[in-house]
file target37.cif (mmCIF, C-alpha atoms and all ligand atoms)
data_entry
loop_
_atom_site.label_atom_id
_atom_site.label_comp_id
_atom_site.auth_asym_id
_atom_site.auth_seq_id
_atom_site.Cartn_x
_atom_site.Cartn_y
_atom_site.Cartn_z
CA MET V 23 11.14 -50.96 11.49
CA LYS V 24 12.19 -47.65 13.05
CA ILE V 25 11.24 -44.47 11.22
CA VAL V 26 12.35 -41.03 12.42
CA ILE V 27 10.18 -38.10 11.31
CA ALA V 28 12.08 -34.81 11.61
CA PRO V 29 10.42 -32.05 9.56
CA ASP V 30 10.34 -28.24 9.80
CA SER V 31 7.00 -26.44 10.00
CA PHE V 32 5.09 -25.73 6.79
CA LYS V 33 4.83 -21.95 7.02
CA GLU V 34 1.27 -20.61 7.07
CA CYS V 35 0.05 -24.22 7.22
CA LEU V 36 1.22 -26.57 10.00
CA SER V 37 3.67 -26.48 12.93
CA ALA V 38 6.57 -28.95 12.81
CA ILE V 39 4.93 -31.28 15.32
CA ASP V 40 1.70 -31.22 13.29
CA VAL V 41 3.64 -32.03 10.11
CA ALA V 42 5.34 -34.94 11.89
CA THR V 43 2.00 -36.21 13.21
CA ALA V 44 0.38 -36.07 9.75
CA ILE V 45 3.29 -38.04 8.27
CA GLU V 46 3.04 -40.65 11.03
CA THR V 47 -0.73 -40.95 10.53
CA GLY V 48 -0.32 -41.58 6.80
CA MET V 49 2.48 -44.11 7.16
CA ARG V 50 0.77 -45.99 10.00
CA ARG V 51 -2.10 -46.92 7.68
CA VAL V 52 0.37 -49.12 5.82
CA LEU V 53 2.97 -49.86 8.53
CA PRO V 54 0.88 -50.20 11.72
CA SER V 55 3.58 -51.86 13.78
CA ALA V 56 6.53 -49.67 12.81
CA GLU V 57 8.20 -47.58 15.52
CA PHE V 58 7.79 -43.87 14.74
CA ILE V 59 9.94 -41.25 16.46
CA LYS V 60 8.78 -37.68 15.90
CA VAL V 61 11.41 -34.93 16.21
CA PRO V 62 10.00 -31.52 15.21
CA VAL V 63 12.81 -29.22 14.09
CA ALA V 64 13.49 -25.69 12.81
CA ASP V 65 16.45 -23.83 11.37
CA GLY V 66 16.63 -20.96 13.85
CA GLY V 67 14.01 -18.79 12.18
CA GLU V 68 10.33 -18.58 12.92
CA GLY V 69 9.10 -21.73 14.63
CA THR V 70 12.32 -22.38 16.54
CA LEU V 71 10.68 -21.71 19.92
CA GLN V 72 7.79 -24.02 19.06
CA SER V 73 9.95 -26.90 17.86
CA LEU V 74 12.46 -26.69 20.73
CA VAL V 75 9.72 -26.67 23.35
CA ASP V 76 7.71 -29.41 21.56
CA GLY V 77 10.85 -31.45 20.86
CA THR V 78 12.00 -31.50 24.50
CA ALA V 79 8.58 -31.64 26.20
CA GLY V 80 9.19 -28.19 27.65
CA GLN V 81 6.79 -25.47 28.71
CA PHE V 82 5.53 -22.22 27.17
CA TYR V 83 5.12 -18.95 29.05
CA SER V 84 3.35 -15.83 27.87
CA ARG V 85 3.99 -12.24 28.97
CA THR V 86 2.81 -8.77 27.94
CA VAL V 87 5.90 -6.86 26.80
CA THR V 88 6.83 -3.86 24.68
CA GLY V 89 6.24 -4.35 20.96
CA PRO V 90 8.51 -2.95 18.23
CA LEU V 91 6.73 0.42 18.16
CA GLY V 92 6.23 0.64 21.92
CA GLU V 93 2.75 -0.89 21.97
CA PRO V 94 2.01 -3.76 24.39
CA VAL V 95 2.19 -7.22 22.81
CA GLU V 96 1.55 -10.68 24.16
CA ALA V 97 4.74 -12.68 23.52
CA ARG V 98 5.68 -16.26 24.27
CA PHE V 99 8.95 -17.76 25.42
CA GLY V 100 9.74 -21.24 26.59
CA VAL V 101 11.70 -23.39 28.98
CA LEU V 102 13.02 -26.67 27.58
CA GLY V 103 12.34 -30.07 29.09
CA ASP V 104 15.61 -29.83 31.05
CA GLY V 105 14.00 -27.06 33.15
CA LYS V 106 17.19 -25.01 32.95
CA THR V 107 17.27 -23.61 29.42
CA ALA V 108 15.04 -20.77 28.26
CA VAL V 109 14.29 -20.18 24.58
CA ILE V 110 13.45 -16.72 23.34
CA GLU V 111 12.48 -16.10 19.74
CA MET V 112 12.99 -12.39 19.14
CA ALA V 113 10.30 -12.25 16.45
CA GLU V 114 7.73 -12.90 19.20
CA ALA V 115 8.27 -9.46 20.79
CA SER V 116 10.19 -7.55 18.11
CA GLY V 117 9.20 -9.25 14.84
CA LEU V 118 8.36 -7.69 11.52
CA GLU V 119 5.03 -9.53 11.49
CA ARG V 120 4.01 -7.52 14.54
CA ILE V 121 3.67 -4.33 12.46
CA LEU V 122 1.36 -3.57 9.55
CA PRO V 123 3.43 -2.93 6.41
CA HIS V 124 2.66 0.82 6.18
CA LEU V 125 3.75 1.39 9.80
CA ARG V 126 7.15 -0.31 9.51
CA ASN V 127 9.93 2.14 10.42
CA PRO V 128 13.33 0.88 11.57
CA LEU V 129 14.35 4.39 12.66
CA LEU V 130 11.95 3.91 15.58
CA THR V 131 11.50 0.19 16.21
CA THR V 132 12.97 -1.29 19.35
CA THR V 133 14.09 -4.67 20.71
CA TYR V 134 13.09 -3.61 24.25
CA GLY V 135 10.41 -6.32 24.43
CA THR V 136 12.93 -9.06 23.69
CA GLY V 137 15.00 -7.75 26.63
CA GLU V 138 11.91 -7.93 28.81
CA LEU V 139 11.48 -11.58 27.81
CA VAL V 140 15.13 -12.24 28.77
CA ARG V 141 14.38 -10.67 32.16
CA GLU V 142 11.31 -12.89 32.57
CA ALA V 143 13.46 -15.93 31.80
CA LEU V 144 16.03 -14.82 34.38
CA ASN V 145 13.19 -14.51 36.91
CA LEU V 146 12.56 -18.25 36.43
CA GLY V 147 16.15 -18.98 37.45
CA VAL V 148 17.37 -20.54 34.19
CA SER V 149 21.11 -21.09 33.69
CA ARG V 150 21.12 -20.98 29.89
CA ILE V 151 19.25 -18.89 27.34
CA ILE V 152 18.94 -19.60 23.64
CA VAL V 153 17.95 -16.48 21.70
CA ALA V 154 16.72 -17.18 18.17
CA ILE V 155 17.27 -14.02 16.15
CA GLY V 156 15.94 -13.01 12.74
CA GLY V 157 12.58 -11.99 11.34
CA SER V 158 13.01 -8.68 13.18
CA ALA V 159 11.37 -5.31 12.64
CA THR V 160 14.33 -3.56 14.22
CA ASN V 161 17.66 -1.93 13.42
CA ASP V 162 18.61 -0.77 16.93
CA GLY V 163 21.74 -2.87 17.38
CA GLY V 164 20.00 -4.71 20.22
CA ALA V 165 20.32 -1.54 22.35
CA GLY V 166 16.62 -1.71 23.24
CA MET V 167 17.06 -5.27 24.55
CA MET V 168 20.02 -4.21 26.67
CA ALA V 169 18.19 -1.11 27.97
CA ALA V 170 15.47 -3.46 29.27
CA LEU V 171 18.24 -5.33 31.05
CA GLY V 172 19.55 -2.22 32.76
CA VAL V 173 22.27 -0.94 30.40
CA ARG V 174 22.15 2.87 29.96
CA PHE V 175 22.77 4.32 26.50
CA LEU V 176 23.59 8.03 26.94
CA ASN V 177 24.01 11.08 24.72
CA ASP V 178 26.76 13.68 25.26
CA LYS V 179 24.63 15.40 27.91
CA GLY V 180 24.42 12.16 29.89
CA GLU V 181 20.72 11.68 29.01
CA GLU V 182 19.26 8.30 28.07
CA LEU V 183 18.56 7.87 24.36
CA PRO V 184 15.03 7.36 23.09
CA ALA V 185 14.16 3.98 21.51
CA GLY V 186 15.04 3.08 17.93
CA GLY V 187 17.92 2.74 15.49
CA ALA V 188 18.12 6.40 14.53
CA ALA V 189 18.83 7.53 18.09
CA LEU V 190 22.12 5.58 18.12
CA ALA V 191 23.62 8.41 16.05
CA ASP V 192 23.61 10.46 19.29
CA LEU V 193 25.16 7.76 21.45
CA ALA V 194 28.16 9.10 23.37
CA SER V 195 28.64 6.62 26.20
CA ILE V 196 27.38 3.32 27.60
CA ASP V 197 26.96 2.58 31.30
CA CYS V 198 26.89 -1.15 32.10
CA SER V 199 27.14 -0.72 35.88
CA THR V 200 23.37 -1.09 36.23
CA MET V 201 23.10 -4.15 33.93
CA ASP V 202 21.11 -7.07 35.39
CA SER V 203 23.82 -8.91 37.32
CA ARG V 204 22.14 -12.30 36.81
CA LEU V 205 23.32 -12.24 33.19
CA ALA V 206 26.86 -12.95 34.42
CA ASN V 207 25.80 -16.43 35.53
CA VAL V 208 23.89 -17.42 32.43
CA ARG V 209 25.27 -18.97 29.24
CA VAL V 210 23.73 -17.33 26.20
CA THR V 211 23.61 -18.94 22.77
CA ALA V 212 22.33 -17.05 19.76
CA ALA V 213 20.68 -19.03 16.99
CA CYS V 214 21.67 -16.80 14.15
CA ASP V 215 20.33 -16.99 10.60
CA VAL V 216 22.85 -14.82 8.71
CA ASN V 217 26.56 -13.90 8.77
CA ASN V 218 26.34 -10.20 7.95
CA PRO V 219 28.60 -7.65 9.66
CA LEU V 220 27.07 -4.75 11.58
CA THR V 221 27.74 -1.99 9.04
CA GLY V 222 28.66 -1.33 5.42
CA SER V 223 27.29 -2.62 2.14
CA LYS V 224 26.74 -6.12 3.60
CA GLY V 225 25.63 -4.74 6.96
CA ALA V 226 22.33 -4.91 8.83
CA SER V 227 20.90 -1.63 7.49
CA ALA V 228 21.83 -2.08 3.82
CA VAL V 229 20.78 -5.70 3.47
CA PHE V 230 17.79 -6.05 5.80
CA GLY V 231 16.73 -2.41 6.34
CA PRO V 232 14.56 -2.20 3.20
CA GLN V 233 12.41 -5.21 4.17
CA LYS V 234 11.71 -3.40 7.47
CA GLY V 235 10.49 -0.27 5.71
CA ALA V 236 13.73 1.70 5.31
CA THR V 237 13.97 4.02 2.28
CA PRO V 238 17.45 4.45 0.70
CA ALA V 239 17.95 7.64 2.76
CA MET V 240 16.96 5.80 5.94
CA VAL V 241 19.44 3.02 5.14
CA VAL V 242 22.26 5.59 5.04
CA GLN V 243 21.04 7.18 8.28
CA LEU V 244 20.77 3.81 10.04
CA ASP V 245 24.17 2.64 8.83
CA LYS V 246 25.78 5.81 10.21
CA ALA V 247 23.97 5.32 13.51
CA LEU V 248 25.24 1.73 13.80
CA THR V 249 28.77 2.87 12.86
CA ASN V 250 28.63 5.31 15.79
CA TYR V 251 27.20 2.53 18.02
CA ALA V 252 30.17 0.30 17.15
CA ALA V 253 32.64 3.16 17.80
CA VAL V 254 31.16 3.87 21.23
CA ILE V 255 31.16 0.15 22.09
CA GLN V 256 34.84 0.06 21.15
CA GLN V 257 35.60 3.16 23.19
CA CYS V 258 33.61 2.31 26.33
CA LEU V 259 33.79 -1.49 26.41
CA ASP V 260 36.89 -2.22 24.35
CA VAL V 261 35.02 -4.63 22.08
CA ASP V 262 35.62 -4.48 18.32
CA ILE V 263 32.26 -5.58 16.95
CA GLU V 264 31.70 -3.71 13.68
CA HIS V 265 32.96 -6.33 11.23
CA VAL V 266 32.32 -9.55 13.15
CA ALA V 267 30.29 -12.10 11.15
CA GLY V 268 26.74 -12.27 12.51
CA ALA V 269 26.95 -8.91 14.35
CA GLY V 270 24.53 -7.54 11.74
CA ALA V 271 21.95 -10.28 12.18
CA ALA V 272 18.48 -9.03 13.13
CA GLY V 273 19.30 -5.34 12.91
CA GLY V 274 22.45 -5.68 14.98
CA MET V 275 20.98 -7.94 17.64
CA GLY V 276 23.99 -10.19 17.01
CA ALA V 277 26.29 -7.32 18.05
CA ALA V 278 24.49 -6.79 21.38
CA LEU V 279 24.45 -10.51 22.20
CA LEU V 280 28.18 -10.79 21.49
CA THR V 281 29.15 -7.57 23.26
CA PHE V 282 27.03 -7.58 26.39
CA MET V 283 26.24 -11.27 26.91
CA ASP V 284 29.36 -12.90 25.48
CA ALA V 285 27.02 -15.13 23.48
CA ASP V 286 28.01 -18.00 21.24
CA LEU V 287 26.65 -17.23 17.77
CA LYS V 288 25.79 -20.45 15.93
CA PRO V 289 23.71 -21.41 12.90
CA GLY V 290 20.18 -22.01 14.14
CA ILE V 291 19.87 -25.46 12.57
CA ASN V 292 22.92 -26.72 14.52
CA ILE V 293 21.56 -25.45 17.83
CA VAL V 294 18.18 -27.02 17.20
CA LEU V 295 19.56 -30.39 16.11
CA GLU V 296 21.83 -30.52 19.18
CA THR V 297 19.02 -29.50 21.52
CA VAL V 298 16.51 -32.06 20.25
CA ARG V 299 19.35 -34.66 20.13
CA LEU V 300 18.54 -35.78 16.61
CA LYS V 301 21.69 -37.91 16.31
CA ALA V 302 20.86 -39.95 19.41
CA GLN V 303 17.18 -40.25 18.45
CA ALA V 304 18.00 -41.35 14.90
CA GLY V 305 20.45 -44.07 15.95
CA GLY V 306 19.48 -47.43 14.41
CA ALA V 307 16.67 -45.96 12.29
CA ASP V 308 15.78 -47.61 8.97
CA LEU V 309 14.50 -44.39 7.43
CA LEU V 310 14.31 -40.68 8.13
CA ILE V 311 11.54 -38.47 6.77
CA THR V 312 12.04 -34.71 6.73
CA GLY V 313 10.24 -31.83 5.01
CA GLU V 314 9.47 -28.14 4.71
CA GLY V 315 6.76 -25.94 3.20
CA ARG V 316 8.67 -25.17 0.05
CA LEU V 317 11.74 -27.10 -0.99
CA ASP V 318 13.90 -25.34 -3.58
CA GLY V 319 17.44 -24.15 -4.39
CA GLN V 320 17.51 -22.20 -1.08
CA THR V 321 17.06 -25.38 0.93
CA VAL V 322 20.74 -26.30 0.67
CA HIS V 323 21.68 -22.99 2.36
CA GLY V 324 21.30 -24.03 5.97
CA LYS V 325 17.62 -25.03 5.88
CA THR V 326 16.19 -27.78 8.04
CA PRO V 327 15.93 -30.72 5.58
CA VAL V 328 19.59 -30.52 4.62
CA GLY V 329 20.75 -30.12 8.24
CA VAL V 330 18.68 -33.14 9.21
CA ALA V 331 19.97 -35.14 6.23
CA ARG V 332 23.57 -34.44 7.23
CA VAL V 333 22.97 -36.10 10.60
CA ALA V 334 21.11 -39.03 9.01
CA LYS V 335 23.79 -39.63 6.37
CA ALA V 336 26.51 -39.79 9.03
CA GLU V 337 24.49 -42.67 10.51
CA GLY V 338 23.92 -44.27 7.08
CA ILE V 339 20.15 -43.69 7.18
CA PRO V 340 18.21 -43.07 3.92
CA VAL V 341 16.35 -39.74 3.78
CA ILE V 342 13.06 -38.83 2.10
CA ALA V 343 11.72 -35.27 2.04
CA LEU V 344 8.05 -34.31 1.78
CA ALA V 345 7.40 -30.72 0.73
CA GLY V 346 4.31 -28.54 0.46
CA SER V 347 5.65 -27.61 -2.93
CA VAL V 348 8.96 -27.85 -4.74
CA GLY V 349 10.62 -25.00 -6.60
CA LYS V 350 13.48 -24.18 -8.91
CA GLY V 351 16.82 -25.77 -8.09
CA CYS V 352 15.37 -28.38 -5.73
CA GLU V 353 17.53 -31.09 -7.37
CA ALA V 354 20.48 -29.58 -5.44
CA VAL V 355 19.28 -31.41 -2.34
CA TYR V 356 20.25 -34.80 -3.82
CA GLU V 357 23.88 -33.77 -3.38
CA HIS V 358 23.15 -32.90 0.25
CA GLY V 359 21.94 -36.21 1.56
CA ILE V 360 18.27 -36.22 0.54
CA ASP V 361 17.57 -39.35 -1.51
CA ALA V 362 14.09 -38.51 -2.82
CA VAL V 363 11.66 -35.60 -2.72
CA PHE V 364 7.85 -35.77 -2.87
CA PRO V 365 5.66 -32.67 -3.19
CA VAL V 366 2.34 -33.21 -1.42
CA VAL V 367 -0.04 -31.04 -3.47
CA HIS V 368 -2.81 -32.90 -5.19
CA GLY V 369 -3.63 -31.43 -8.59
CA ALA V 370 -3.46 -27.82 -9.77
CA VAL V 371 -5.01 -25.83 -6.92
CA SER V 372 -4.52 -22.32 -5.56
CA LEU V 373 -2.07 -21.74 -2.69
CA PRO V 374 -4.86 -21.07 -0.14
CA GLU V 375 -6.49 -24.37 -1.17
CA ALA V 376 -3.16 -26.18 -0.85
CA LEU V 377 -2.61 -24.70 2.62
CA GLU V 378 -6.13 -25.63 3.65
CA ALA V 379 -5.61 -29.23 2.55
CA GLY V 380 -2.04 -29.44 3.92
CA ARG V 381 -2.66 -32.06 6.59
CA GLU V 382 -4.72 -34.32 4.33
CA ASN V 383 -2.18 -33.98 1.49
CA LEU V 384 0.69 -34.85 3.79
CA GLU V 385 -1.09 -37.89 5.20
CA ARG V 386 -1.90 -39.18 1.72
CA THR V 387 1.63 -38.63 0.40
CA ALA V 388 3.16 -40.25 3.48
CA GLU V 389 0.84 -43.24 2.99
CA ASN V 390 2.00 -43.55 -0.60
CA VAL V 391 5.64 -43.35 0.43
CA ALA V 392 4.99 -46.22 2.85
CA ARG V 393 3.22 -48.20 0.09
CA LEU V 394 6.23 -47.69 -2.16
CA LEU V 395 8.58 -48.86 0.59
CA GLN V 396 6.63 -52.10 0.83
CA LEU V 397 6.93 -52.94 -2.85
CA LYS V 398 9.43 -55.60 -3.66
CA VAL V 399 9.96 -54.63 -7.27
CA PRO V 400 12.37 -56.89 -9.10
CA LEU V 401 14.65 -54.22 -10.55
CA LYS V 402 16.30 -55.41 -13.73
CA GLY V 403 18.80 -53.64 -15.97
N1 LIG V 501 0.80 -27.54 2.49
C1 LIG V 501 1.39 -26.73 1.62
N2 LIG V 501 1.14 -26.87 0.29
C2 LIG V 501 1.73 -26.06 -0.61
N3 LIG V 501 2.57 -25.04 -0.27
C3 LIG V 501 2.84 -24.87 1.02
C4 LIG V 501 2.27 -25.69 2.03
N4 LIG V 501 2.70 -25.25 3.22
C5 LIG V 501 3.53 -24.23 2.99
N5 LIG V 501 3.62 -23.98 1.67
C6 LIG V 501 4.38 -22.92 0.98
O1 LIG V 501 5.73 -22.90 1.36
C7 LIG V 501 6.13 -21.55 1.59
C8 LIG V 501 7.41 -21.50 2.38
O2 LIG V 501 7.31 -22.35 3.45
P1 LIG V 501 8.55 -22.88 4.32
O3 LIG V 501 9.53 -23.65 3.48
O4 LIG V 501 7.87 -23.65 5.41
O5 LIG V 501 9.15 -21.52 4.88
P2 LIG V 501 10.64 -20.92 5.01
O6 LIG V 501 11.51 -21.53 3.94
O7 LIG V 501 10.43 -19.44 4.85
O8 LIG V 501 11.05 -21.32 6.40
C9 LIG V 501 4.88 -20.96 2.24
O9 LIG V 501 4.84 -19.57 2.21
C10 LIG V 501 3.81 -21.57 1.38
O10 LIG V 501 3.65 -20.81 0.20
O1 LIG V 502 15.86 -9.87 11.18
C1 LIG V 502 16.64 -9.65 10.25
O2 LIG V 502 17.26 -8.57 10.13
C2 LIG V 502 16.91 -10.71 9.18
C3 LIG V 502 18.36 -11.17 9.31
O3 LIG V 502 18.68 -11.61 10.60
O4 LIG V 502 16.02 -11.76 9.40
P1 LIG V 502 15.44 -12.69 8.18
O5 LIG V 502 16.60 -13.52 7.70
O6 LIG V 502 14.36 -13.51 8.83
O7 LIG V 502 14.93 -11.73 7.12
#

call {"tool": "encode", "arguments": {"input": "target37.cif", "output": "structure tokens", "more": "lines below"}}
Ligand SMILES: Nc1ncnc2c1ncn2[C@@H]1O[C@H](COP(=O)(O)OP(=O)(O)O)[C@@H](O)[C@H]1O
Ligand SMILES: O=C(O)[C@@H](CO)OP(=O)(O)O
result
Amino acid sequence: MKIVIAPDSFKECLSAIDVATAIETGMRRVLPSAEFIKVPVADGGEGTLQSLVDGTAGQFYSRTVTGPLGEPVEARFGVLGDGKTAVIEMAEASGLERILPHLRNPLLTTTYGTGELVREALNLGVSRIIVAIGGSATNDGGAGMMAALGVRFLNDKGEELPAGGAALADLASIDCSTMDSRLANVRVTAACDVNNPLTGSKGASAVFGPQKGATPAMVVQLDKALTNYAAVIQQCLDVDIEHVAGAGAAGGMGAALLTFMDADLKPGINIVLETVRLKAQAGGADLLITGEGRLDGQTVHGKTPVGVARVAKAEGIPVIALAGSVGKGCEAVYEHGIDAVFPVVHGAVSLPEALEAGRENLERTAENVARLLQLKVPLKG
């Protein structure tokens, strides 16, 4: 019997590889001689770096770079098992979680540190870079990242702009002549979590600015700044970026990746599933187990379990999902290739208690799933 275990991480609880290991441990108690293939996955958000490096037996690197408010931060990036592809998760250097809630200010926050990580990856001689965007503290259109890579963003006096989204209102010209020339030889793929345009009512500032600490007045200010950024990009580089889907992801990081790096913008889940070669690994499997921390109506919108189930269904493999908890609308997943869902919590406990007991709960639930699989119930009627 071949069982593929391809879960996401359980946020605040276990990494994807730890979830997969707990599921294997539980099932092995009942099915000791089954073949288990563990494929940790992610949907492009937080945890993407971890699952891609774990899933390809790659390597982590750590560097001190510039944090979102200019402070030094220790940030990780990775190189996949192929030795040629770097993975950078922007939240490592420029993430919202890096700043205490009362200090969050997207007028000032910068993606400079993510650019420094790209430079570090280039120093290792990689030929491809995957940048997972989202979870950002920033609204600087990715200008900080590009400044770290040598691009000069200038005001009408020819002076370089200070860091942050607000400064883009003063942008008058862009000088790419000093951009790191190694970027020309590297293929960049952006694992993108949303389709928003750069500006307007569905744009980066309006939709994601408030979660980064923007007041309504700041949203207006930031949207104007990004509108000017798009106009100067059009004027200096002849790229029309303002309304492109995904340009507004991660405070306009999508726009910079498209404009300056000619990146491919793809849904994170697709990039991850391709990179960990789920289809090839699942071939001939009898069962696939997936899971995520909370499985609910949102799961069908590009989340890991549904992406994994799509691959499994194309191969005719049954799919079971284990979830930390299940929420409203979770039945929607039945229409998206998941055959059964099992929450792992044991009794009515608080969330901290459930998180604390996550591994044990997963092992026990996985064991019970395996016990169920062994039953030969004569189904009548
Ligand atoms: N072991 C667990 N038991 C119960 N709830 C959990 C467990 N692990 C995670 N969760 C809950 O699931 C929530 C969302 O997790 P998850 O689906 O992994 O994140 P996201 O959908 O944001 O990627 C967490 O904030 C937590 O409340
Ligand atoms: O960083 C952001 O601006 C948003 C959208 O890309 O991220 P998340 O979806 O994680 O809130």

call {"tool": "residues_around", "arguments": {"input": "target37.cif", "residues": "V:Val101", "least_positions_apart": "4", "cutoff": "7 Å", "atoms": "all atoms listed in the file", "output": "number ranges by chain"}}
result
V: 75, 80-82, 105-109

call {"tool": "residues_near_ligand", "arguments": {"input": "target37.cif", "ligand": "ligand LIG 502 (chain V)", "cutoff": "8 Å", "atoms": "only C-alpha atoms and all ligand atoms", "output": "list in words"}}
result
Gly67, Glu68, Gly117, Leu118, Ile155, Gly156, Gly157, Ser158, Ala159, Thr160, Asn161, Cys214, Asp215, Val216, Ala226, Phe230, Gly231, Gln233, Gly270, Ala271, Ala272, Gly273 and Gly274 of chain V

call {"tool": "closest_atom_pairs", "arguments": {"input": "target37.cif", "of": "chain V", "to": "ligand LIG 501 (chain V)", "cutoff": "9 Å", "atoms": "all atoms listed in the file", "output": "tab-separated table"}}
result
residue	atom	partner	partner_atom	distance
V:Asp30	CA	V:LIG501	O4	6.8
V:Ser31	CA	V:LIG501	O4	5.4
V:Phe32	CA	V:LIG501	O4	3.7
V:Lys33	CA	V:LIG501	O4	3.8
V:Glu34	CA	V:LIG501	C5	5.9
V:Cys35	CA	V:LIG501	N4	4.9
V:Leu36	CA	V:LIG501	N4	7.1
V:Ala64	CA	V:LIG501	O8	8.1
V:Asp65	CA	V:LIG501	O8	7.8
V:Gly67	CA	V:LIG501	O8	7.0
V:Glu68	CA	V:LIG501	O8	7.1
V:Gly69	CA	V:LIG501	O8	8.5
V:Gly313	CA	V:LIG501	O3	8.4
V:Glu314	CA	V:LIG501	O3	4.7
V:Gly315	CA	V:LIG501	O4	3.4
V:Arg316	CA	V:LIG501	O3	3.8
V:Leu317	CA	V:LIG501	O3	6.1
V:Asp318	CA	V:LIG501	O3	8.5
V:Gln320	CA	V:LIG501	O6	7.9
V:Thr321	CA	V:LIG501	O6	7.4
V:Lys325	CA	V:LIG501	O6	7.3
V:Thr326	CA	V:LIG501	O8	8.4
V:Ala345	CA	V:LIG501	C1	7.3
V:Gly346	CA	V:LIG501	N2	3.6
V:Ser347	CA	V:LIG501	C2	4.8
V:Val348	CA	V:LIG501	N3	8.3
V:Pro365	CA	V:LIG501	C2	8.1
V:Val366	CA	V:LIG501	N2	6.7
V:Val367	CA	V:LIG501	N2	5.7
V:Ser372	CA	V:LIG501	C2	8.8
V:Leu373	CA	V:LIG501	C2	6.1
V:Pro374	CA	V:LIG501	C2	8.3
V:Glu375	CA	V:LIG501	N2	8.2
V:Ala376	CA	V:LIG501	N2	4.5
V:Leu377	CA	V:LIG501	N1	4.4
V:Glu378	CA	V:LIG501	N1	7.3
V:Ala379	CA	V:LIG501	N1	6.6
V:Gly380	CA	V:LIG501	N1	3.7
V:Arg381	CA	V:LIG501	N1	7.0
V:Glu382	CA	V:LIG501	N1	8.9
V:Asn383	CA	V:LIG501	N1	7.2
V:Leu384	CA	V:LIG501	N1	7.4

call {"tool": "atom_distance", "arguments": {"input": "target37.cif", "atom1": "atom CA of V:Arg120", "atom2": "atom CA of V:Gly225"}}
result
23.1 Å

call {"tool": "residues_near_point", "arguments": {"input": "target37.cif", "point": "(18.5, -3.9, 26.0)", "cutoff": "9 Å", "atoms": "all atoms listed in the file", "output": "ChimeraX atom specification"}}
result
/V:133-138,164-174,278

call {"tool": "closest_residue", "arguments": {"input": "target37.cif", "among": "V:Lys24, V:Arg126, V:Arg150, V:Arg98", "to": "V:Ile59", "atoms": "all atoms listed in the file"}}
result
V:Lys24

call {"tool": "atom_distance", "arguments": {"input": "target37.cif", "atom1": "atom CA of V:Ser116", "atom2": "atom CA of V:Leu102"}}
result
21.5 Å

call {"tool": "closest_residue", "arguments": {"input": "target37.cif", "among": "V:Ile339, V:Val153, V:Arg141, V:Pro90", "to": "V:Met201", "atoms": "only C-alpha atoms"}}
result
V:Arg141

call {"tool": "closest_residue", "arguments": {"input": "target37.cif", "among": "V:Ala213, V:Val63, V:Val328, V:Leu205", "to": "V:Asp286", "atoms": "all atoms listed in the file"}}
result
V:Ala213

call {"tool": "residues_around", "arguments": {"input": "target37.cif", "residues": "V:Val333", "least_positions_apart": "2", "cutoff": "10 Å", "atoms": "all atoms listed in the file", "output": "ChimeraX atom specification"}}
result
/V:295,300-302,304-305,328-331,335-339,359

call {"tool": "write_last_selection", "arguments": {"input": "target37.cif", "atoms": "C-alpha atoms", "output": "mmCIF file, in the coordinates of the input"}}
result
data_model
loop_
_atom_site.group_PDB
_atom_site.id
_atom_site.type_symbol
_atom_site.label_atom_id
_atom_site.label_comp_id
_atom_site.auth_asym_id
_atom_site.auth_seq_id
_atom_site.Cartn_x
_atom_site.Cartn_y
_atom_site.Cartn_z
ATOM 1 C CA LEU V 295 19.560 -30.390 16.110
ATOM 2 C CA LEU V 300 18.540 -35.780 16.610
ATOM 3 C CA LYS V 301 21.690 -37.910 16.310
ATOM 4 C CA ALA V 302 20.860 -39.950 19.410
ATOM 5 C CA ALA V 304 18.000 -41.350 14.900
ATOM 6 C CA GLY V 305 20.450 -44.070 15.950
ATOM 7 C CA VAL V 328 19.590 -30.520 4.620
ATOM 8 C CA GLY V 329 20.750 -30.120 8.240
ATOM 9 C CA VAL V 330 18.680 -33.140 9.210
ATOM 10 C CA ALA V 331 19.970 -35.140 6.230
ATOM 11 C CA LYS V 335 23.790 -39.630 6.370
ATOM 12 C CA ALA V 336 26.510 -39.790 9.030
ATOM 13 C CA GLU V 337 24.490 -42.670 10.510
ATOM 14 C CA GLY V 338 23.920 -44.270 7.080
ATOM 15 C CA ILE V 339 20.150 -43.690 7.180
ATOM 16 C CA GLY V 359 21.940 -36.210 1.560
#

call {"tool": "closest_residue", "arguments": {"input": "target37.cif", "among": "V:Pro29, V:Gly276, V:Pro340, V:Pro232", "to": "V:Pro123", "atoms": "all atoms listed in the file"}}
result
V:Pro232
